[in-house]
Structures are given as C-alpha cells and as structure tokens.
>>> print(open('entry.txt').read())   # compact mmCIF, C-alpha atoms and all ligand atoms
# COMPACT_ATOMS: atom_id res chain seq x y z
CA MET H 101 12.81 4.63 14.99
CA THR H 102 12.35 8.37 15.54
CA ASP H 103 9.43 8.92 17.92
CA VAL H 104 10.37 12.55 18.46
CA SER H 105 8.46 15.08 16.35
CA PRO H 106 4.93 15.87 17.53
CA THR H 107 1.98 14.91 15.32
CA PRO H 108 0.39 18.03 13.79
CA ASP H 109 -3.15 18.88 14.80
CA PHE H 110 -5.26 17.50 11.95
CA ARG H 111 -8.64 18.12 13.58
CA ALA H 112 -9.67 21.10 11.41
CA SER H 113 -10.80 18.84 8.56
CA PRO H 114 -11.02 15.10 7.93
CA VAL H 115 -7.87 13.02 7.72
CA PRO H 116 -7.88 10.63 4.72
CA ARG H 117 -9.42 7.42 5.95
CA HIS H 118 -7.48 5.26 3.49
CA VAL H 119 -3.98 6.19 2.28
CA ALA H 120 -2.23 4.16 -0.45
CA VAL H 121 1.49 4.45 -1.21
CA ILE H 122 3.61 3.49 -4.23
CA MET H 123 6.93 3.12 -2.42
CA ASP H 124 9.38 3.89 -5.22
CA GLY H 125 13.02 4.92 -5.50
CA ASN H 126 14.97 2.36 -3.44
CA GLY H 127 17.32 1.59 -6.35
CA ARG H 128 18.06 5.26 -7.06
CA TRP H 129 18.64 5.92 -3.36
CA ALA H 130 21.20 3.09 -3.28
CA ARG H 131 22.89 4.37 -6.45
CA GLU H 132 23.22 7.82 -4.90
CA GLN H 133 25.02 6.25 -1.94
CA ALA H 134 27.13 3.99 -4.22
CA LEU H 135 25.51 0.94 -2.58
CA PRO H 136 24.00 -2.19 -4.17
CA ARG H 137 20.22 -2.00 -4.92
CA GLN H 138 19.54 -4.46 -2.11
CA GLU H 139 20.76 -1.88 0.41
CA GLY H 140 18.15 0.50 -0.95
CA HIS H 141 15.47 -2.09 -0.27
CA ARG H 142 16.80 -2.61 3.26
CA ALA H 143 16.65 1.14 3.91
CA GLY H 144 13.15 1.13 2.39
CA MET H 145 12.07 -1.28 5.11
CA GLU H 146 12.90 1.35 7.73
CA ALA H 147 10.70 3.82 5.86
CA VAL H 148 7.85 1.29 5.98
CA ARG H 149 8.14 1.20 9.78
CA GLU H 150 8.20 5.00 9.89
CA VAL H 151 5.13 5.49 7.68
CA ILE H 152 3.09 2.86 9.54
CA HIS H 153 3.68 4.58 12.86
CA GLY H 154 3.04 8.00 11.32
CA ALA H 155 -0.25 6.83 9.80
CA ALA H 156 -1.40 5.47 13.16
CA GLU H 157 -0.49 8.77 14.85
CA ALA H 158 -2.32 10.82 12.21
CA GLY H 159 -5.51 8.80 12.67
CA VAL H 160 -5.48 7.11 9.24
CA GLU H 161 -7.59 3.92 9.38
CA ILE H 162 -6.18 2.02 6.41
CA LEU H 163 -2.69 2.16 4.89
CA THR H 164 -2.09 0.23 1.67
CA LEU H 165 1.56 -0.17 0.67
CA PHE H 166 2.69 -1.33 -2.79
CA ALA H 167 5.66 -3.54 -1.91
CA PHE H 168 6.16 -5.81 -4.96
CA SER H 169 4.33 -5.74 -8.29
CA THR H 170 3.44 -8.56 -10.68
CA GLU H 171 5.88 -6.92 -13.14
CA ASN H 172 8.66 -6.89 -10.50
CA TRP H 173 8.93 -10.68 -11.01
CA PHE H 174 10.82 -9.78 -14.21
CA ARG H 175 13.68 -8.20 -12.23
CA PRO H 176 17.01 -10.05 -11.85
CA GLU H 177 16.71 -13.23 -9.78
CA GLU H 178 19.18 -11.91 -7.19
CA GLU H 179 17.09 -8.78 -6.53
CA ILE H 180 13.86 -10.79 -6.25
CA MET H 181 15.55 -13.12 -3.73
CA ALA H 182 16.75 -10.13 -1.70
CA LEU H 183 13.26 -8.60 -1.68
CA MET H 184 11.62 -11.87 -0.62
CA THR H 185 14.18 -12.38 2.15
CA LEU H 186 13.51 -8.85 3.40
CA LEU H 187 9.75 -9.45 3.36
CA GLN H 188 10.20 -12.59 5.45
CA LEU H 189 12.55 -10.80 7.82
CA TYR H 190 10.21 -7.82 8.13
CA ALA H 191 7.21 -10.03 8.92
CA ASP H 192 9.02 -11.94 11.64
CA GLN H 193 10.78 -8.94 13.18
CA GLU H 194 7.82 -6.58 13.29
CA LYS H 195 4.85 -8.73 14.18
CA ASP H 196 5.06 -8.48 17.98
CA GLU H 197 5.58 -4.71 18.06
CA LEU H 198 2.72 -4.25 15.59
CA ARG H 199 0.44 -6.33 17.80
CA GLU H 200 1.44 -4.27 20.84
CA ARG H 201 0.61 -1.11 18.92
CA ASN H 202 -2.80 -2.55 17.97
CA ILE H 203 -1.94 -2.55 14.24
CA ARG H 204 -3.19 -5.26 11.89
CA VAL H 205 -1.22 -6.36 8.80
CA ARG H 206 -2.64 -8.24 5.85
CA VAL H 207 -0.75 -9.22 2.70
CA LEU H 208 -2.78 -9.01 -0.52
CA GLY H 209 -1.95 -10.15 -4.06
CA ASP H 210 -1.29 -13.42 -5.86
CA LEU H 211 0.84 -15.18 -3.27
CA SER H 212 1.02 -18.49 -5.18
CA PRO H 213 4.50 -17.82 -6.73
CA LEU H 214 6.04 -17.04 -3.29
CA ALA H 215 8.33 -19.60 -1.65
CA ALA H 216 6.81 -21.55 1.26
CA PRO H 217 8.97 -19.93 4.01
CA VAL H 218 7.88 -16.46 2.83
CA ARG H 219 4.23 -17.51 2.76
CA ASP H 220 4.63 -18.99 6.27
CA ALA H 221 6.06 -15.70 7.59
CA ILE H 222 3.11 -13.85 5.99
CA ARG H 223 0.71 -16.24 7.72
CA ARG H 224 2.46 -15.61 11.05
CA ILE H 225 2.29 -11.79 10.85
CA GLU H 226 -1.36 -11.91 9.75
CA GLU H 227 -2.23 -14.29 12.57
CA THR H 228 -0.26 -12.40 15.25
CA THR H 229 -1.76 -9.01 14.36
CA LYS H 230 -5.30 -10.03 13.45
CA GLN H 231 -6.94 -8.33 16.46
CA GLY H 232 -5.35 -4.95 15.66
CA SER H 233 -7.99 -2.25 15.38
CA ARG H 234 -6.07 1.04 15.43
CA LEU H 235 -4.75 0.79 11.84
CA LEU H 236 -5.09 -1.78 9.06
CA VAL H 237 -1.98 -2.13 6.88
CA ASN H 238 -2.38 -3.89 3.53
CA LEU H 239 0.97 -4.94 2.09
CA MET H 240 0.46 -5.47 -1.64
CA VAL H 241 2.80 -8.24 -2.77
CA SER H 242 2.90 -9.91 -6.19
CA TYR H 243 0.06 -7.55 -6.97
CA SER H 244 -1.04 -5.57 -9.99
CA GLY H 245 -4.31 -3.82 -10.71
CA ARG H 246 -4.94 -5.56 -14.02
CA ALA H 247 -4.18 -9.03 -12.61
CA GLU H 248 -6.56 -8.31 -9.71
CA ILE H 249 -9.34 -7.20 -12.08
CA LEU H 250 -8.78 -10.35 -14.16
CA ARG H 251 -9.06 -12.58 -11.08
CA ALA H 252 -12.24 -10.74 -10.07
CA THR H 253 -13.69 -11.09 -13.58
CA ARG H 254 -13.02 -14.82 -13.57
CA SER H 255 -14.71 -15.25 -10.21
CA LEU H 256 -17.81 -13.36 -11.40
CA ALA H 257 -17.85 -15.41 -14.64
CA ARG H 258 -17.75 -18.60 -12.55
CA ARG H 259 -20.81 -17.42 -10.59
CA VAL H 260 -22.61 -16.64 -13.85
CA ALA H 261 -21.73 -20.11 -15.22
CA LEU H 262 -23.16 -21.69 -12.05
CA GLY H 263 -26.37 -19.73 -12.52
CA GLU H 264 -25.84 -17.79 -9.27
CA LEU H 265 -25.56 -14.40 -10.96
CA ASP H 266 -27.39 -12.75 -13.86
CA PRO H 267 -24.89 -10.81 -16.07
CA ASP H 268 -27.35 -7.91 -16.29
CA ASP H 269 -27.38 -7.63 -12.50
CA ILE H 270 -23.59 -7.27 -12.11
CA ASP H 271 -22.90 -3.91 -10.52
CA GLU H 272 -19.91 -2.05 -9.05
CA ALA H 273 -20.50 -3.61 -5.65
CA ASP H 274 -20.18 -7.13 -7.15
CA LEU H 275 -16.85 -6.28 -8.76
CA ASP H 276 -15.65 -4.53 -5.59
CA ALA H 277 -16.49 -7.63 -3.58
CA ALA H 278 -14.46 -9.83 -5.94
CA LEU H 279 -11.28 -7.71 -5.63
CA ASP H 280 -8.41 -8.39 -3.20
CA THR H 281 -9.47 -5.21 -1.37
CA CYS H 282 -13.00 -6.51 -0.81
CA GLY H 283 -14.78 -4.67 2.00
CA LEU H 284 -12.41 -1.67 2.06
CA PRO H 285 -13.28 1.89 1.06
CA ASP H 286 -11.34 3.25 -1.94
CA PRO H 287 -8.13 5.14 -1.10
CA ASP H 288 -8.73 8.84 -0.42
CA LEU H 289 -5.08 9.71 -0.98
CA LEU H 290 -2.35 8.08 -3.09
CA ILE H 291 1.27 9.01 -2.42
CA ARG H 292 3.96 8.16 -4.96
CA THR H 293 7.57 8.77 -4.06
CA SER H 294 10.58 9.28 -6.37
CA GLY H 295 8.83 11.81 -8.60
CA GLU H 296 7.39 9.45 -11.22
CA PHE H 297 4.06 10.64 -12.61
CA ARG H 298 2.49 7.23 -13.18
CA ILE H 299 0.30 4.62 -11.51
CA SER H 300 2.41 1.56 -12.52
CA ASN H 301 -0.57 -0.83 -12.53
CA PHE H 302 -1.58 -0.10 -8.92
CA MET H 303 -5.22 -0.33 -7.74
CA LEU H 304 -6.62 0.64 -11.16
CA TRP H 305 -10.24 0.18 -10.13
CA GLN H 306 -9.97 1.65 -6.64
CA LEU H 307 -8.09 4.85 -7.54
CA ALA H 308 -10.93 6.27 -9.71
CA TYR H 309 -11.43 9.37 -7.52
CA THR H 310 -8.36 9.23 -5.29
CA GLU H 311 -6.37 12.44 -4.69
CA LEU H 312 -2.78 12.09 -5.97
CA HIS H 313 0.31 13.33 -4.13
CA ILE H 314 3.59 12.89 -5.98
CA THR H 315 6.79 13.74 -4.15
CA PRO H 316 10.40 13.69 -5.43
CA VAL H 317 11.55 12.15 -2.11
CA LEU H 318 13.05 8.68 -2.66
CA TRP H 319 11.28 6.03 -0.61
CA PRO H 320 14.12 5.30 1.90
CA ASP H 321 14.18 9.04 2.76
CA PHE H 322 10.41 9.20 3.35
CA THR H 323 9.57 10.08 6.97
CA ARG H 324 6.40 10.54 8.97
CA GLU H 325 6.80 14.31 8.41
CA HIS H 326 6.46 13.72 4.65
CA LEU H 327 3.30 11.74 5.35
CA PHE H 328 1.93 14.53 7.55
CA GLU H 329 2.70 17.03 4.77
CA ALA H 330 0.74 14.89 2.28
CA VAL H 331 -2.19 14.66 4.73
CA CYS H 332 -2.20 18.45 5.24
CA GLU H 333 -2.15 19.00 1.48
CA PHE H 334 -5.04 16.52 1.11
CA GLN H 335 -7.01 18.54 3.65
CA ARG H 336 -6.76 21.59 1.39
CA ARG H 337 -8.09 19.78 -1.69
CA GLU H 338 -11.64 20.12 -2.90
CA ARG H 339 -13.06 16.73 -3.92
CA ARG H 340 -15.94 16.97 -6.38
CA PHE H 341 -16.41 13.40 -7.64
CA GLY H 342 -17.57 14.75 -11.01
CA ARG H 343 -20.25 16.96 -9.45
CA VAL H 344 -20.39 20.70 -8.96
CA THR H 345 -19.60 22.42 -5.71
CA SER H 346 -22.61 24.05 -4.11
CA PRO H 347 -22.27 27.84 -4.55
CA ALA H 348 -21.21 29.74 -1.44
CA SER H 349 -24.21 31.31 0.22
C1 LIG H 401 10.75 0.42 -5.17
O1 LIG H 401 12.03 0.84 -5.51
C2 LIG H 401 10.74 -0.99 -4.62
C3 LIG H 401 10.18 -1.99 -5.53
C4 LIG H 401 9.63 -1.74 -6.68
C5 LIG H 401 10.24 -3.37 -5.09
P1 LIG H 401 12.71 0.47 -6.88
O2 LIG H 401 13.48 -0.81 -6.73
O3 LIG H 401 11.72 0.45 -8.00
O4 LIG H 401 13.72 1.67 -7.06
P2 LIG H 401 14.03 2.52 -8.36
O5 LIG H 401 12.73 2.93 -8.96
O6 LIG H 401 14.81 1.61 -9.27
O7 LIG H 401 14.85 3.67 -7.88
C1 LIG H 402 6.04 0.37 -8.64
O1 LIG H 402 7.38 0.70 -8.79
C2 LIG H 402 5.92 -0.92 -7.87
C3 LIG H 402 6.21 -0.83 -6.45
C4 LIG H 402 6.47 0.25 -5.78
C5 LIG H 402 6.16 -2.09 -5.74
P1 LIG H 402 8.23 0.24 -10.07
O2 LIG H 402 9.60 0.76 -9.90
O3 LIG H 402 8.08 -1.23 -10.28
O4 LIG H 402 7.46 0.98 -11.26
P2 LIG H 402 7.98 1.61 -12.60
O5 LIG H 402 8.81 0.58 -13.31
O6 LIG H 402 8.79 2.82 -12.24
O7 LIG H 402 6.74 2.01 -13.36
MG MG H 403 11.04 1.88 -9.25
>>> encode(input="entry.txt", output="structure tokens")
Amino acid sequence: MTDVSPTPDFRASPVPRHVAVIMDGNGRWAREQALPRQEGHRAGMEAVREVIHGAAEAGVEILTLFAFSTENWFRPEEEIMALMTLLQLYADQEKDELRERNIRVRVLGDLSPLAAPVRDAIRRIEETTKQGSRLLVNLMVSYSGRAEILRATRSLARRVALGELDPDDIDEADLDAALDTCGLPDPDLLIRTSGEFRISNFMLWQLAYTELHITPVLWPDFTREHLFEAVCEFQRRERRFGRVTSPAS
C-alpha cells in the first residue's frame, strides 16, 4: 500500500458524499501484461484497497464498489471460481485492518447463489467491521440494477397483497426503502474505469442524477490520485437536478 502522496485540500467545495465505482478492465490489464485474466482480478484487489483508503482520506462517507454483476455469472466457470476465491480471501485478509481504520464493509446483492464458505467470509467481514463510522463501503456482489428493482417490486407487491399498502400511495421513498441500498443517499459521483461509456446494469434507480466520470485507466492501475482527480472534477460541476440555476446577482 502506498501511503505517501498527501491528500489534496478539498475544503473549497463539498466532497461527494457517496461515490460509486464500476471497477472495469481487469481482463484487459492482464492481457496487456500477457497474464491470465485471474491475475488481472488479483491486481484489481490491490486497487480496491487503494481506493478505499483514498476515499476515507478524502472525506467520502459512502463508497459503493461494483465487484460482480448478475450477468458475470455467465462467464467461464474457472473465472467465476477465481473471483469468488479472491472475494473470500479479500474479506478474511482485510477485515482487521478495516476495523482498525474505522471502516465498515457491507456486501449487497443476491447472495443466494454464492458458495457457503464465501457467504461465511462475507458474514465475518460484515460482523468485524460493523462499528466502523469513518467510511461505509458497499461491495456489490451478484448484483444488477434490474434484478434489484425486480426484488423491490415483488416486496412492494407482497405488501399490497397483504393489504398493508395502497397501490396509489406507493411513492419513491417506498421503492427506495425496498432496494438493497435502503437508507443510503443516491451516489453523487459514479466513476467507471477502462473507458467504456455504459452503465452495465448498475444502480439504475439510484444513478438518476449522479455525475459521471469515465476514465480510460484500467481498474488495476487506478490509484487514490485518480480518485482525487475525479473528486476535484466533481467539485467543478454544476448540478441542476432539472431546475434552472439562479441568475448571478
Ligand atoms: C472487471 O474487469 C471485473 C469484473 C467484471 C468482475 P473485467 O473482468 O470485466 O475486465 P475486462 O472488461 O474484460 O477488461
Ligand atoms: C461491469 O463490468 C460489472 C463490474 C464491474 C462488476 P462488465 O465487464 O461486466 O461490463 P460490460 O460487459 O463491459 O458491460
Ligand atoms: Mg469488463
């Protein structure tokens, strides 16, 4: 870990409270180095460590990392196994340091297809870090935006069927509360690495007014300096949320 470069002074304007990241490009990074894809994922794990510490230093409150999508289950068995093994390893290796740094980790998504040892490791990291209050890290695993919205829709439909909820009363707050990200503010900033200009089924509901930052950097090469650069660029954006800016007086 490189704890060397100083954190820039972000005090001039607000730091994004919630940063989401589509961590893409591990396979291409490995290909560039003539290594198997798995080595790209291993190097990507180092970048996860780097971005978590950078986010804590920058004063970000919530960091949501897209680690494995619902669609990624259609990758070759060998690659899925390697990714699951890395997730288990990451959870067990990092949990104590994360607790010491006052960082909380939660894993969100449909965890039912995960093998028991992986789910156990997830339970251990969540339990070990649950008091962390400096930064909340959401690792999105076996997650996709559409699947999440479907699960939320089913849960609201169940409440309607039980007579607990009137369909005409369903509002955005009800749907928000039924999502995996229940209780969290929407991301202010979304970073996607590897230069792809797409959302790839990530947080479809929550990203409605999120600022997008797309960088050509491949995920294993992403450092805290890249994160700081994205935060600085965010600070220069004007967010209007569909309204008009009040004219300068
Ligand atoms: C991101 O890197 C990691 C996961 C999606 C699990 P990729 O594995 O998608 O790498 P590329 O896009 O093939 O380079
Ligand atoms: C998005 O990357 C999913 C994760 C980063 C976990 P993908 O590599 O799966 O997305 P596509 O195929 O480029 O859209
Ligand atoms: Mg990819």
>>> atom_distance(input="entry.txt", atom1="CA of Asp210 in chain H", atom2="CA of Ala247 in chain H")
8.6 Å
>>> residues_near_ligand(input="entry.txt", ligand="ligand LIG 402 (chain H)", cutoff="12 Å", atoms="all atoms listed in the file", output="number ranges by chain")
H: 120-128, 141, 144, 148, 164-175, 180, 183, 209, 239-245, 291-303, 318-320
>>> atom_distance(input="entry.txt", atom1="CA of Trp129 in chain H", atom2="atom O5 of ligand LIG 401 (chain H)")
8.7 Å
>>> residues_near_point(input="entry.txt", point="(-2.4, -11.2, 4.8)", cutoff="8 Å", atoms="all atoms listed in the file", output="PDB file with C-alpha atoms, in the frame of the given file")
ATOM      1  CA  VAL H 205      -1.220  -6.360   8.800  1.00  0.00           C
ATOM      2  CA  ARG H 206      -2.640  -8.240   5.850  1.00  0.00           C
ATOM      3  CA  VAL H 207      -0.750  -9.220   2.700  1.00  0.00           C
ATOM      4  CA  LEU H 208      -2.780  -9.010  -0.520  1.00  0.00           C
ATOM      5  CA  ILE H 222       3.110 -13.850   5.990  1.00  0.00           C
ATOM      6  CA  ARG H 223       0.710 -16.240   7.720  1.00  0.00           C
ATOM      7  CA  ILE H 225       2.290 -11.790  10.850  1.00  0.00           C
ATOM      8  CA  GLU H 226      -1.360 -11.910   9.750  1.00  0.00           C
ATOM      9  CA  ASN H 238      -2.380  -3.890   3.530  1.00  0.00           C
ATOM     10  CA  LEU H 239       0.970  -4.940   2.090  1.00  0.00           C
TER      11      LEU H 239
END
>>> atom_distance(input="entry.txt", atom1="CA of Arg234 in chain H", atom2="CA of Asp276 in chain H")
23.8 Å
>>> closest_residue(input="entry.txt", among="H:Ala278, H:Glu325, H:Ile314, H:Pro285", to="Arg254 in chain H", atoms="all atoms listed in the file")
H:Ala278
>>> axis_aligned_box(input="entry.txt", around="range 165-183 of chain H", padding_each_side="4 Å", output="AutoDock Vina command-line options")
--center_x 10.4 --center_y -6.7 --center_z -6.8 --size_x 25.6 --size_y 21.1 --size_z 22.9
>>> residues_near_point(input="entry.txt", point="(-0.4, 14.8, 4.7)", cutoff="10 Å", atoms="only C-alpha atoms", output="PyMOL selection string")
chain H and resi 108+110+115-116+119+155+158+289+291+313+324-336
>>> residues_around(input="entry.txt", residues="Glu338 in chain H", least_positions_apart="3", cutoff="12 Å", atoms="all atoms listed in the file", output="ChimeraX atom specification")
/H:113-114,288,309-311,333-335,341-346
>>> residues_around(input="entry.txt", residues="Glu194 in chain H", least_positions_apart="4", cutoff="12 Å", atoms="only C-alpha atoms", output="ChimeraX atom specification")
/H:145-146,148-149,152-153,186-190,198-201,203-205,221-222,224-226,228-229
>>> write_last_selection(input="entry.txt", atoms="C-alpha atoms", output="short mmCIF file (atom, residue, chain, number, x, y, z; two decimals), in the coordinates of the input")
data_model
loop_
_atom_site.label_atom_id
_atom_site.label_comp_id
_atom_site.auth_asym_id
_atom_site.auth_seq_id
_atom_site.Cartn_x
_atom_site.Cartn_y
_atom_site.Cartn_z
CA MET H 145 12.07 -1.28 5.11
CA GLU H 146 12.90 1.35 7.73
CA VAL H 148 7.85 1.29 5.98
CA ARG H 149 8.14 1.20 9.78
CA ILE H 152 3.09 2.86 9.54
CA HIS H 153 3.68 4.58 12.86
CA LEU H 186 13.51 -8.85 3.40
CA LEU H 187 9.75 -9.45 3.36
CA GLN H 188 10.20 -12.59 5.45
CA LEU H 189 12.55 -10.80 7.82
CA TYR H 190 10.21 -7.82 8.13
CA LEU H 198 2.72 -4.25 15.59
CA ARG H 199 0.44 -6.33 17.80
CA GLU H 200 1.44 -4.27 20.84
CA ARG H 201 0.61 -1.11 18.92
CA ILE H 203 -1.94 -2.55 14.24
CA ARG H 204 -3.19 -5.26 11.89
CA VAL H 205 -1.22 -6.36 8.80
CA ALA H 221 6.06 -15.70 7.59
CA ILE H 222 3.11 -13.85 5.99
CA ARG H 224 2.46 -15.61 11.05
CA ILE H 225 2.29 -11.79 10.85
CA GLU H 226 -1.36 -11.91 9.75
CA THR H 228 -0.26 -12.40 15.25
CA THR H 229 -1.76 -9.01 14.36
#
>>> closest_residue(input="entry.txt", among="H:Val317, H:Arg246, H:Leu275, H:Ala216", to="Arg259 in chain H", atoms="all atoms listed in the file")
H:Leu275
>>> closest_residue(input="entry.txt", among="H:Arg219, H:Ser255, H:Thr315, H:Arg117", to="Val160 in chain H", atoms="only C-alpha atoms")
H:Arg117
>>> closest_residue(input="entry.txt", among="H:Val237, H:Arg258, H:Lys230, H:Asp321", to="ligand LIG 401 (chain H)", atoms="all atoms listed in the file")
H:Asp321
>>> closest_residue(input="entry.txt", among="H:His118, H:Arg111, H:Arg137, H:Ala147", to="ligand LIG 401 (chain H)", atoms="all atoms listed in the file")
H:Arg137
>>> closest_residue(input="entry.txt", among="H:Met181, H:Asp274, H:Leu135, H:Ala130", to="ligand MG 403 (chain H)", atoms="all atoms listed in the file")
H:Ala130
>>> decode(input="entry.txt", residues="range 150-161 of chain H", atoms="all heavy atoms", output="PDB file, in the first residue's frame")
ATOM      1  N   GLU H 150      -6.595   0.414  -2.310  1.00  0.00           N
ATOM      2  CA  GLU H 150      -6.129   1.777  -2.577  1.00  0.00           C
ATOM      3  C   GLU H 150      -7.302   2.774  -2.582  1.00  0.00           C
ATOM      4  O   GLU H 150      -7.257   3.819  -1.935  1.00  0.00           O
ATOM      5  CB  GLU H 150      -5.429   1.707  -3.952  1.00  0.00           C
ATOM      6  CG  GLU H 150      -4.949   2.983  -4.522  1.00  0.00           C
ATOM      7  CD  GLU H 150      -3.622   3.464  -3.954  1.00  0.00           C
ATOM      8  OE1 GLU H 150      -2.935   2.721  -3.237  1.00  0.00           O
ATOM      9  OE2 GLU H 150      -3.292   4.632  -4.242  1.00  0.00           O
ATOM     10  N   VAL H 151      -8.373   2.429  -3.270  1.00  0.00           N
ATOM     11  CA  VAL H 151      -9.486   3.377  -3.413  1.00  0.00           C
ATOM     12  C   VAL H 151     -10.254   3.520  -2.092  1.00  0.00           C
ATOM     13  O   VAL H 151     -10.753   4.608  -1.772  1.00  0.00           O
ATOM     14  CB  VAL H 151     -10.386   2.986  -4.617  1.00  0.00           C
ATOM     15  CG1 VAL H 151     -11.418   1.952  -4.259  1.00  0.00           C
ATOM     16  CG2 VAL H 151     -11.048   4.198  -5.224  1.00  0.00           C
ATOM     17  N   ILE H 152     -10.296   2.470  -1.309  1.00  0.00           N
ATOM     18  CA  ILE H 152     -10.979   2.556  -0.008  1.00  0.00           C
ATOM     19  C   ILE H 152     -10.217   3.540   0.888  1.00  0.00           C
ATOM     20  O   ILE H 152     -10.810   4.428   1.508  1.00  0.00           O
ATOM     21  CB  ILE H 152     -11.101   1.168   0.666  1.00  0.00           C
ATOM     22  CG1 ILE H 152     -12.147   0.318  -0.070  1.00  0.00           C
ATOM     23  CG2 ILE H 152     -11.451   1.295   2.152  1.00  0.00           C
ATOM     24  CD1 ILE H 152     -12.301  -1.096   0.457  1.00  0.00           C
ATOM     25  N   HIS H 153      -8.902   3.388   0.927  1.00  0.00           N
ATOM     26  CA  HIS H 153      -8.135   4.281   1.795  1.00  0.00           C
ATOM     27  C   HIS H 153      -8.183   5.718   1.274  1.00  0.00           C
ATOM     28  O   HIS H 153      -8.316   6.665   2.055  1.00  0.00           O
ATOM     29  CB  HIS H 153      -6.709   3.763   1.952  1.00  0.00           C
ATOM     30  CG  HIS H 153      -6.684   2.427   2.657  1.00  0.00           C
ATOM     31  ND1 HIS H 153      -5.789   1.441   2.364  1.00  0.00           N
ATOM     32  CD2 HIS H 153      -7.500   1.913   3.607  1.00  0.00           C
ATOM     33  CE1 HIS H 153      -6.039   0.383   3.130  1.00  0.00           C
ATOM     34  NE2 HIS H 153      -7.075   0.644   3.899  1.00  0.00           N
ATOM     35  N   GLY H 154      -8.144   5.870  -0.047  1.00  0.00           N
ATOM     36  CA  GLY H 154      -8.237   7.209  -0.641  1.00  0.00           C
ATOM     37  C   GLY H 154      -9.572   7.864  -0.328  1.00  0.00           C
ATOM     38  O   GLY H 154      -9.632   9.058  -0.014  1.00  0.00           O
ATOM     39  N   ALA H 155     -10.645   7.100  -0.406  1.00  0.00           N
ATOM     40  CA  ALA H 155     -11.983   7.653  -0.140  1.00  0.00           C
ATOM     41  C   ALA H 155     -12.079   8.111   1.313  1.00  0.00           C
ATOM     42  O   ALA H 155     -12.622   9.191   1.609  1.00  0.00           O
ATOM     43  CB  ALA H 155     -13.057   6.609  -0.444  1.00  0.00           C
ATOM     44  N   ALA H 156     -11.521   7.317   2.220  1.00  0.00           N
ATOM     45  CA  ALA H 156     -11.545   7.694   3.638  1.00  0.00           C
ATOM     46  C   ALA H 156     -10.755   8.993   3.834  1.00  0.00           C
ATOM     47  O   ALA H 156     -11.203   9.907   4.533  1.00  0.00           O
ATOM     48  CB  ALA H 156     -10.981   6.565   4.499  1.00  0.00           C
ATOM     49  N   GLU H 157      -9.593   9.084   3.182  1.00  0.00           N
ATOM     50  CA  GLU H 157      -8.769  10.300   3.323  1.00  0.00           C
ATOM     51  C   GLU H 157      -9.469  11.533   2.758  1.00  0.00           C
ATOM     52  O   GLU H 157      -9.349  12.627   3.312  1.00  0.00           O
ATOM     53  CB  GLU H 157      -7.437  10.140   2.571  1.00  0.00           C
ATOM     54  CG  GLU H 157      -6.441   9.260   3.287  1.00  0.00           C
ATOM     55  CD  GLU H 157      -5.322   8.827   2.353  1.00  0.00           C
ATOM     56  OE1 GLU H 157      -5.016   9.548   1.381  1.00  0.00           O
ATOM     57  OE2 GLU H 157      -4.763   7.734   2.596  1.00  0.00           O
ATOM     58  N   ALA H 158     -10.195  11.345   1.656  1.00  0.00           N
ATOM     59  CA  ALA H 158     -10.849  12.489   1.002  1.00  0.00           C
ATOM     60  C   ALA H 158     -12.090  12.956   1.762  1.00  0.00           C
ATOM     61  O   ALA H 158     -12.615  14.025   1.480  1.00  0.00           O
ATOM     62  CB  ALA H 158     -11.223  12.127  -0.430  1.00  0.00           C
ATOM     63  N   GLY H 159     -12.585  12.137   2.682  1.00  0.00           N
ATOM     64  CA  GLY H 159     -13.768  12.522   3.446  1.00  0.00           C
ATOM     65  C   GLY H 159     -15.073  12.066   2.813  1.00  0.00           C
ATOM     66  O   GLY H 159     -16.155  12.553   3.150  1.00  0.00           O
ATOM     67  N   VAL H 160     -14.975  11.088   1.881  1.00  0.00           N
ATOM     68  CA  VAL H 160     -16.188  10.481   1.305  1.00  0.00           C
ATOM     69  C   VAL H 160     -16.845   9.659   2.421  1.00  0.00           C
ATOM     70  O   VAL H 160     -16.163   9.032   3.219  1.00  0.00           O
ATOM     71  CB  VAL H 160     -15.777   9.575   0.104  1.00  0.00           C
ATOM     72  CG1 VAL H 160     -16.913   8.696  -0.371  1.00  0.00           C
ATOM     73  CG2 VAL H 160     -15.222  10.428  -1.032  1.00  0.00           C
ATOM     74  N   GLU H 161     -18.184   9.680   2.483  1.00  0.00           N
ATOM     75  CA  GLU H 161     -18.866   8.919   3.552  1.00  0.00           C
ATOM     76  C   GLU H 161     -19.225   7.504   3.137  1.00  0.00           C
ATOM     77  O   GLU H 161     -19.242   6.581   3.944  1.00  0.00           O
ATOM     78  CB  GLU H 161     -20.181   9.624   3.927  1.00  0.00           C
ATOM     79  CG  GLU H 161     -20.035  10.809   4.813  1.00  0.00           C
ATOM     80  CD  GLU H 161     -21.381  11.486   5.014  1.00  0.00           C
ATOM     81  OE1 GLU H 161     -22.378  10.801   5.321  1.00  0.00           O
ATOM     82  OE2 GLU H 161     -21.439  12.712   4.841  1.00  0.00           O
TER      83      GLU H 161
END
